[in-house]
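Heads up, the thing below is written out as structure tokens.
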Amino acid sequence: MTENRVMAEGVHKAFGDNEVLKGVSFNVPQGTATTIIGPSGSGKTTLLRALNALDVPDAGVIRVGDVELDFSKPVSKDQLRRYRAQGGFVFQSHNLFPHKTVFQNVTEGPIVVQKRAKEEAEAEALELLSQVGLAEKRDQYPYQLSGGQQQRVGIARALALKPKVVLFDEPTSALDPELVGEVLSVIRDLALEGWTLIIVTHEIQFAKQVSDQVLFTDQGVILEKGPPAEVIGDPKEERTRQFLDRILNPL
Amino acid sequence: MTINAERKEKYDLSEPYSVGEGVIVTRADDNSVKSLDDIKGKVAGETATSNWAQVARDHGARVEAVEGFTQAIKLLNQGRVDLVINDSIAVYAYLAETGDTSVKIATTTGEKSEQGFATRKNSGLLPDLNKALDELRADGKLADISQKYLKANASGGPEAGQAQHAPLSTWQLILDSLGPLAKGAITKTIPLTVISFLIGLVIALAVALARLSSNMVLTNVARFYFSVIRGTPLLVQLFIVFYALPELGVKIDPFPAAIIAFSLNVGGYAAEIIRSAIQSIPKGQWEAAETIGLNYVGALRRIILPQATRVAVPPLSNTLISLVKDTSLASTILVTELLRQAQIIAAPTFEFFALYGTAAVYYWVICLVLSFGQGRIERRLERYVAR
């Protein structure tokens with residue numbers, strides 16, 4: 001019996017008058033990969049950011065790992081910090097710290113924030129860098145890496161926090177096409193290793209291969225959810241079909 | 001002008017039209033000065049153009065250099081100096097003109113000073129001038145004039161100026177001035193710059209963060225501060241701290257007063273530089289710092305400020321180099337820094353070009369060294385940026 005690593009119930013978020021999330025609910029079981037697909041502006045990135053409190057929801061209850069917050073009530077900074085610490089976040093444009101080396105980028109969280117023993121954290125960081133294939137780049141600065149390598153460092157930085165769930169915000173959208181594969185294969189390996197992943201993506205084939213669950217968002221709600229064979233292979237909703245058709249046959 | 005050996009070299013000087021004697025002026029309620037020997041350990045306000053500064057120093061007083069007699073009297077009233085030694089004529093003139101009763105002539109120094117007319121060398125006007133003066137003295141006109149304007153007779157009799165050593169050559173003067181000017185630079189100009197800049201940076205960081213905060217009160221206080229600093233001359237800021245605050249009972253010595261004014265000034269300008277440098281760092285860096293668990297202070301200290309520094313160093317270097325030169329304004333509030341030293345040495349000799357030129361070279365060298373340091377810091381901060 002697997003526990004849920006993420007449970008979201010009735011999540012609402014508005015920016016000014018623009019209501020981006022209109023009551024979103026879903027669960028993510030431990031050790032599974034969930035992909036979120038949907039048209040631009042459908043709220044998928046906002047939903048992912050809500051799971052790391054980069055955008056704080058206006059209402060709804062979310063549990064990530066061990067921390068549950070009810071956003072319809074006021075939440076303290078301390079609560080947000082503990083909530084945020086449950087997840088690791090990989091940005092579309094990696095957001096590596098340019099003034100720190102690859103190794104320092106990965107160790108900053110474990111050593112400075114989590115105050116873990118330096119030697120242990122460094123050994124783990126090196127292992128993570130090997131895992132994403134960048135051990136020999138440890139002393140380089142981000143600007144010396146290719147886009148794909150930068151994104152893999154971003155993944156290692158998120159994993160170093162030992163999060164209960166790893167959140168990916170369109171991890172390959174900013175990459176040149178020939179660099180997409182190396183990043184996706186790293187993410188696939190993580191799924192196989194049993195990490196709990198939530199991935200916002202436009203890579204439909206990848207979503208199909210990797211996910212245990214696909215969420216299709218449209219106009220601030222989850223219109224359809226289920227295994228990829230259903231949502232992508234045999235969508236029930238007309239809007240899902242239209243979206244997939246546009247993506248898979250752009251012409 | 002007062003007759004002395006250096007001036008005799010440069011000009012043709014007539015026989016004296018007035019003869020004064022050195023007098024010591026104190027506050028009216030101060031009875032501690034009965035003779036020249038009593039000034040030991042006290043503070044005298046003296047202009048660099050007179051020999052009175054030397055007289056005061058020779059008798060053990062500490063000399064505070066001032067712009068002129070009126071300023072010296074003002075400082076005397078404020079209690080910043082204990083006494084002023086000057087020519088009796090200047091003092092008579094001041095007392096006659098202002099009716100000031102808060103100060104008094106405590107005693108005389110026993111030294112005479114003579115004032116004569118100056119003409120260009122070999123102008124041929126001297127015999128006529130001297131003849132006219134003799135006539136005025138003979139028929140009592142000179143005494144009348146003195147009575148009218150000074151309320152005292154200071155017309156005196158013709159006396160030869162005391163023989164003094166020959167004035168120095170220009171090169172020797174420059175050479176002799178190198179030490180005192182270096183002292184002004186090392187003990188005043190550079191410490192003023194460094195201390196004001198460091199305090200200014202701390203103020204600037206606080207103001208920049210206030211300006212960027214979501215608290216409207218803080219933001220507006222920061223805006224107001226910058227607006228005032230940028231909208232008023234630095235010289236006026238200096239004068240307010242040094243000359244105006246004593247009226248409110250806040251009396252600050254010249255050096256700390258200069259530090260306060262310069263720090264506040266740098267704080268205003270550097271705040272804008274730091275604010276824009278912080279704002280130039282992409283929002284994604286703040287978010288990435290948040291996602292690895294850093295709080296506001298941690299994100300600022302470890303992620304944002306190190307990157308903002310790279311952006312801020314070139315404009316901050318400009319501020320620092322401007323500050324080096326702006327410290328010369330402290331000469332107006334009695335800080336004997338580099339320019340003031342040059343003024344003091346130049347005044348009795350009239351070698352302005354030599355002295356101010358030398359001072360300019362000193363400033364330039366200091367700024368060259370700073371520019372070199374700026375280049376090195378910039379190269380170091382560029383190490384993580386693609387070229």
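Following the order of the structure tokens, first chain is A, next is B, and so on, with residues numbered from 1 inside each chain and ligands from 1 in the order they appear.
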
Pick out each residue of region 14-183 of chain A that DSSP on the backbone tags as strand (DSSP E or B); I need them as an MDAnalysis selection string.
chainID A and resid 14:15 18:29 33:37 59:64 67:70 87:90 165:169

Restricting it to C-alpha atoms, dump the selection as a PDB file, in the first residue's frame.
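The resulting file, selection.pdb, is reproduced below:
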ATOM      1  CA  ALA A  14      -5.937  34.362  -8.575  1.00  0.00           C
ATOM      2  CA  PHE A  15      -3.551  37.081  -9.753  1.00  0.00           C
ATOM      3  CA  ASN A  18      -7.346  36.692 -13.261  1.00  0.00           C
ATOM      4  CA  GLU A  19      -8.429  33.434 -11.625  1.00  0.00           C
ATOM      5  CA  VAL A  20      -5.760  30.947 -12.655  1.00  0.00           C
ATOM      6  CA  LEU A  21      -6.673  27.944 -10.499  1.00  0.00           C
ATOM      7  CA  LYS A  22     -10.373  27.338  -9.898  1.00  0.00           C
ATOM      8  CA  GLY A  23     -10.470  24.452  -7.461  1.00  0.00           C
ATOM      9  CA  VAL A  24      -7.875  21.837  -8.313  1.00  0.00           C
ATOM     10  CA  SER A  25      -7.670  18.467  -6.570  1.00  0.00           C
ATOM     11  CA  PHE A  26      -5.369  15.516  -7.149  1.00  0.00           C
ATOM     12  CA  ASN A  27      -3.122  13.014  -5.389  1.00  0.00           C
ATOM     13  CA  VAL A  28       0.381  11.819  -6.166  1.00  0.00           C
ATOM     14  CA  PRO A  29       1.321   8.425  -4.682  1.00  0.00           C
ATOM     15  CA  ALA A  33       5.681  10.169 -11.800  1.00  0.00           C
ATOM     16  CA  THR A  34       2.876  12.576 -12.611  1.00  0.00           C
ATOM     17  CA  THR A  35       2.991  14.797 -15.678  1.00  0.00           C
ATOM     18  CA  ILE A  36       0.863  17.892 -16.058  1.00  0.00           C
ATOM     19  CA  ILE A  37      -0.012  18.833 -19.630  1.00  0.00           C
ATOM     20  CA  ALA A  59      -7.603  28.706  -0.775  1.00  0.00           C
ATOM     21  CA  GLY A  60      -7.417  24.940  -0.623  1.00  0.00           C
ATOM     22  CA  VAL A  61      -5.596  22.314   1.393  1.00  0.00           C
ATOM     23  CA  ILE A  62      -2.315  20.861   0.181  1.00  0.00           C
ATOM     24  CA  ARG A  63      -0.160  18.239   1.812  1.00  0.00           C
ATOM     25  CA  VAL A  64       3.368  17.822   0.479  1.00  0.00           C
ATOM     26  CA  VAL A  67       3.442  19.097   5.917  1.00  0.00           C
ATOM     27  CA  GLU A  68      -0.184  19.996   5.316  1.00  0.00           C
ATOM     28  CA  LEU A  69      -1.309  23.607   4.955  1.00  0.00           C
ATOM     29  CA  ASP A  70      -4.799  25.034   4.745  1.00  0.00           C
ATOM     30  CA  GLY A  87       9.879  19.627  -2.275  1.00  0.00           C
ATOM     31  CA  GLY A  88      12.738  20.246  -4.691  1.00  0.00           C
ATOM     32  CA  PHE A  89      12.143  22.555  -7.645  1.00  0.00           C
ATOM     33  CA  VAL A  90      13.685  22.474 -11.126  1.00  0.00           C
ATOM     34  CA  VAL A 165       8.808  15.138  -4.228  1.00  0.00           C
ATOM     35  CA  VAL A 166      10.705  16.716  -7.112  1.00  0.00           C
ATOM     36  CA  LEU A 167       8.873  19.385  -9.104  1.00  0.00           C
ATOM     37  CA  PHE A 168       9.869  20.121 -12.716  1.00  0.00           C
ATOM     38  CA  ASP A 169       8.617  23.267 -14.454  1.00  0.00           C
TER      39      ASP A 169
END

Residues of chain A within 9 Å of chain B, only C-alpha atoms counted, as an mmCIF file with N, CA and C atoms, in the first residue's frame:
data_model
loop_
_atom_site.group_PDB
_atom_site.id
_atom_site.type_symbol
_atom_site.label_atom_id
_atom_site.label_comp_id
_atom_site.auth_asym_id
_atom_site.auth_seq_id
_atom_site.Cartn_x
_atom_site.Cartn_y
_atom_site.Cartn_z
ATOM 1 N N ASN A 52 5.328 24.404 -4.165
ATOM 2 C CA ASN A 52 6.563 24.828 -3.504
ATOM 3 C C ASN A 52 6.417 26.233 -2.910
ATOM 4 N N ALA A 53 5.151 26.692 -2.868
ATOM 5 C CA ALA A 53 4.837 28.006 -2.297
ATOM 6 C C ALA A 53 5.577 29.147 -2.976
ATOM 7 N N LEU A 54 5.980 28.961 -4.242
ATOM 8 C CA LEU A 54 6.523 30.096 -5.001
ATOM 9 C C LEU A 54 5.369 31.030 -5.343
ATOM 10 N N ARG A 81 8.054 27.812 5.160
ATOM 11 C CA ARG A 81 9.416 27.305 5.004
ATOM 12 C C ARG A 81 9.457 25.784 5.167
ATOM 13 N N ARG A 82 8.699 25.290 6.158
ATOM 14 C CA ARG A 82 8.701 23.837 6.368
ATOM 15 C C ARG A 82 7.984 23.117 5.224
ATOM 16 N N ARG A 84 7.799 24.250 2.119
ATOM 17 C CA ARG A 84 8.647 24.348 0.937
ATOM 18 C C ARG A 84 9.784 23.325 0.991
ATOM 19 N N ALA A 85 10.253 23.059 2.207
ATOM 20 C CA ALA A 85 11.401 22.157 2.371
ATOM 21 C C ALA A 85 11.058 20.725 1.975
ATOM 22 N N GLY A 87 9.729 19.827 -0.842
ATOM 23 C CA GLY A 87 9.879 19.627 -2.275
ATOM 24 C C GLY A 87 11.176 20.204 -2.816
ATOM 25 N N GLY A 88 11.620 19.653 -3.963
ATOM 26 C CA GLY A 88 12.738 20.246 -4.691
ATOM 27 C C GLY A 88 12.178 20.782 -5.995
ATOM 28 N N PHE A 89 12.749 21.909 -6.476
ATOM 29 C CA PHE A 89 12.143 22.555 -7.645
ATOM 30 C C PHE A 89 13.186 22.713 -8.749
ATOM 31 N N VAL A 90 12.810 22.294 -9.961
ATOM 32 C CA VAL A 90 13.685 22.474 -11.126
ATOM 33 C C VAL A 90 13.011 23.467 -12.064
ATOM 34 N N PHE A 91 13.723 24.578 -12.336
ATOM 35 C CA PHE A 91 13.122 25.665 -13.113
ATOM 36 C C PHE A 91 13.290 25.453 -14.607
ATOM 37 N N SER A 93 14.246 27.734 -16.660
ATOM 38 C CA SER A 93 15.530 28.335 -17.055
ATOM 39 C C SER A 93 16.556 28.124 -15.933
ATOM 40 N N HIS A 94 16.618 26.954 -15.459
ATOM 41 C CA HIS A 94 17.541 26.414 -14.441
ATOM 42 C C HIS A 94 17.821 27.293 -13.235
ATOM 43 N N ASN A 95 17.980 28.637 -13.421
ATOM 44 C CA ASN A 95 18.248 29.540 -12.296
ATOM 45 C C ASN A 95 19.389 29.062 -11.398
ATOM 46 N N LEU A 96 20.437 28.531 -12.005
ATOM 47 C CA LEU A 96 21.623 28.205 -11.208
ATOM 48 C C LEU A 96 22.222 29.499 -10.679
ATOM 49 N N PHE A 97 22.981 29.389 -9.582
ATOM 50 C CA PHE A 97 23.634 30.579 -9.036
ATOM 51 C C PHE A 97 24.919 30.813 -9.834
ATOM 52 N N PRO A 98 24.977 31.871 -10.626
ATOM 53 C CA PRO A 98 26.093 32.019 -11.572
ATOM 54 C C PRO A 98 27.435 32.261 -10.876
ATOM 55 N N HIS A 99 27.399 32.751 -9.629
ATOM 56 C CA HIS A 99 28.650 33.083 -8.943
ATOM 57 C C HIS A 99 29.178 31.908 -8.140
ATOM 58 N N LYS A 100 28.505 30.761 -8.239
ATOM 59 C CA LYS A 100 28.974 29.581 -7.521
ATOM 60 C C LYS A 100 29.297 28.483 -8.527
ATOM 61 N N THR A 101 30.265 27.648 -8.179
ATOM 62 C CA THR A 101 30.623 26.554 -9.073
ATOM 63 C C THR A 101 29.496 25.527 -9.062
ATOM 64 N N GLU A 108 25.034 24.068 -1.613
ATOM 65 C CA GLU A 108 24.523 25.238 -0.881
ATOM 66 C C GLU A 108 23.347 24.865 0.034
ATOM 67 N N GLY A 109 22.365 24.173 -0.529
ATOM 68 C CA GLY A 109 21.187 23.808 0.264
ATOM 69 C C GLY A 109 21.513 22.884 1.427
ATOM 70 N N PRO A 110 22.113 21.720 1.155
ATOM 71 C CA PRO A 110 22.383 20.774 2.248
ATOM 72 C C PRO A 110 23.290 21.361 3.339
ATOM 73 N N VAL A 112 24.471 24.819 3.843
ATOM 74 C CA VAL A 112 24.172 26.131 4.433
ATOM 75 C C VAL A 112 22.788 26.151 5.081
ATOM 76 N N VAL A 113 21.803 25.566 4.380
ATOM 77 C CA VAL A 113 20.438 25.657 4.907
ATOM 78 C C VAL A 113 20.129 24.490 5.840
ATOM 79 N N GLN A 114 20.389 23.279 5.375
ATOM 80 C CA GLN A 114 20.022 22.113 6.187
ATOM 81 C C GLN A 114 21.067 21.789 7.246
ATOM 82 N N GLN A 140 33.490 23.882 -12.435
ATOM 83 C CA GLN A 140 33.212 24.875 -13.459
ATOM 84 C C GLN A 140 32.093 25.815 -12.979
ATOM 85 N N TYR A 141 32.062 26.990 -13.592
ATOM 86 C CA TYR A 141 30.947 27.888 -13.323
ATOM 87 C C TYR A 141 29.829 27.604 -14.329
ATOM 88 N N PRO A 142 28.580 27.900 -13.970
ATOM 89 C CA PRO A 142 27.455 27.585 -14.861
ATOM 90 C C PRO A 142 27.638 28.081 -16.295
ATOM 91 N N TYR A 143 28.256 29.295 -16.453
ATOM 92 C CA TYR A 143 28.352 29.828 -17.816
ATOM 93 C C TYR A 143 29.225 28.950 -18.713
ATOM 94 N N GLN A 144 30.043 28.073 -18.104
ATOM 95 C CA GLN A 144 30.935 27.232 -18.897
ATOM 96 C C GLN A 144 30.244 25.960 -19.392
ATOM 97 N N ARG A 157 20.869 19.878 -7.960
ATOM 98 C CA ARG A 157 20.687 20.818 -6.851
ATOM 99 C C ARG A 157 19.375 20.531 -6.118
ATOM 100 N N ALA A 158 18.317 20.223 -6.888
ATOM 101 C CA ALA A 158 17.025 19.933 -6.258
ATOM 102 C C ALA A 158 17.086 18.615 -5.487
ATOM 103 N N LEU A 161 18.608 18.235 -1.808
ATOM 104 C CA LEU A 161 17.822 18.611 -0.628
ATOM 105 C C LEU A 161 17.079 17.407 -0.053
#

I want to know what sits within 9 Å of Phe226 (chain B), based on only C-alpha atoms, with residues of the same chain fewer than 4 positions away left out; could you give that as a ChimeraX atom specification?
/B:207,221-222,230-231,265,267-269,271-272

Show me, as a PDB file with N, CA and C atoms, in the first residue's frame, the residues that have an atom within 9 Å of region 234-241 of chain A when counting only C-alpha atoms, minus same-chain residues fewer than 4 positions from it.
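Final output, around_14.pdb:
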ATOM      1  N   GLY A  38      -1.192  20.559 -20.817  1.00  0.00           N
ATOM      2  CA  GLY A  38      -2.320  21.457 -21.040  1.00  0.00           C
ATOM      3  C   GLY A  38      -1.867  22.692 -21.777  1.00  0.00           C
ATOM      4  N   PHE A 216      -4.493  16.585 -17.230  1.00  0.00           N
ATOM      5  CA  PHE A 216      -4.690  17.566 -18.299  1.00  0.00           C
ATOM      6  C   PHE A 216      -5.432  18.766 -17.716  1.00  0.00           C
ATOM      7  N   THR A 217      -4.744  19.912 -17.705  1.00  0.00           N
ATOM      8  CA  THR A 217      -5.379  21.109 -17.134  1.00  0.00           C
ATOM      9  C   THR A 217      -5.887  21.986 -18.262  1.00  0.00           C
ATOM     10  N   ASP A 218      -7.013  22.616 -17.993  1.00  0.00           N
ATOM     11  CA  ASP A 218      -7.548  23.556 -18.978  1.00  0.00           C
ATOM     12  C   ASP A 218      -8.381  24.589 -18.240  1.00  0.00           C
ATOM     13  N   LEU A 223      -9.100  18.853 -16.196  1.00  0.00           N
ATOM     14  CA  LEU A 223     -10.219  18.402 -17.008  1.00  0.00           C
ATOM     15  C   LEU A 223     -10.252  16.881 -17.072  1.00  0.00           C
ATOM     16  N   GLU A 224      -9.062  16.298 -17.025  1.00  0.00           N
ATOM     17  CA  GLU A 224      -8.997  14.851 -17.199  1.00  0.00           C
ATOM     18  C   GLU A 224      -7.758  14.337 -16.492  1.00  0.00           C
ATOM     19  N   PRO A 228      -1.421   7.404 -18.615  1.00  0.00           N
ATOM     20  CA  PRO A 228      -1.177   7.985 -19.934  1.00  0.00           C
ATOM     21  C   PRO A 228      -1.936   7.259 -21.041  1.00  0.00           C
ATOM     22  N   ALA A 229      -2.105   5.969 -20.894  1.00  0.00           N
ATOM     23  CA  ALA A 229      -2.810   5.224 -21.934  1.00  0.00           C
ATOM     24  C   ALA A 229      -4.225   5.769 -22.120  1.00  0.00           C
ATOM     25  N   GLU A 230      -4.821   6.267 -21.010  1.00  0.00           N
ATOM     26  CA  GLU A 230      -6.168   6.828 -21.128  1.00  0.00           C
ATOM     27  C   GLU A 230      -6.139   8.283 -21.577  1.00  0.00           C
ATOM     28  N   ASP A 245      -4.028  16.892 -30.472  1.00  0.00           N
ATOM     29  CA  ASP A 245      -3.946  16.954 -31.927  1.00  0.00           C
ATOM     30  C   ASP A 245      -3.071  18.127 -32.377  1.00  0.00           C
ATOM     31  N   ARG A 246      -3.266  19.296 -31.702  1.00  0.00           N
ATOM     32  CA  ARG A 246      -2.467  20.470 -32.056  1.00  0.00           C
ATOM     33  C   ARG A 246      -0.975  20.225 -31.801  1.00  0.00           C
TER      34      ARG A 246
END

If you count only C-alpha atoms, which residues fall within 6 Å of Gln86 (chain A), apart from same-chain ones fewer than 6 positions away, as a PyMOL selection string?
chain A and resi 65+163-164

Take the residues from that selection and put them in a file with N, CA and C atoms, as a tab-separated table (two decimals), in the first residue's frame.
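again18.tsv, freshly written:
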chain	number	residue	atom	x	y	z
A	65	GLY	N	4.59	15.86	1.24
A	65	GLY	CA	5.38	15.11	2.21
A	65	GLY	C	4.65	15.07	3.54
A	163	PRO	N	14.37	15.84	-1.24
A	163	PRO	CA	12.96	16.21	-1.14
A	163	PRO	C	12.04	14.99	-1.20
A	164	LYS	N	10.84	15.17	-0.68
A	164	LYS	CA	9.85	14.09	-0.74
A	164	LYS	C	9.26	14.00	-2.14

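Taking CA of Ile24 (chain B) as the reference point, CA of Gln147 (chain B) is found at 20.9 Å.
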
Taking only C-alpha atoms into account, name the residue in B:Pro254, B:Glu15, B:Leu95, B:Asp30 that is nearest to Asp128 (chain B).
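Ranked by minimum distance to Asp128 (chain B), first place goes to B:Glu15.
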
Report as a PyMOL selection string all protein, DNA and RNA residues lying within 12 Å of Thr47 (chain B), evaluated on only C-alpha atoms, omitting residues in the same chain fewer than 2 positions from it.
chain B and resi 44-45+49-56+63-73+84-87+334+340+343-345+347-348

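Within 6 Å of region 188-203 of chain B there are B:Ile259, B:Phe262, B:Ser263, B:Val266, B:Gly267, B:Val324, B:Glu337, counting only C-alpha atoms and ignoring same-chain residues fewer than 6 positions away.
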
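You will find CA of Leu128 (chain A) at 25.2 Å from CA of Asn4 (chain A).
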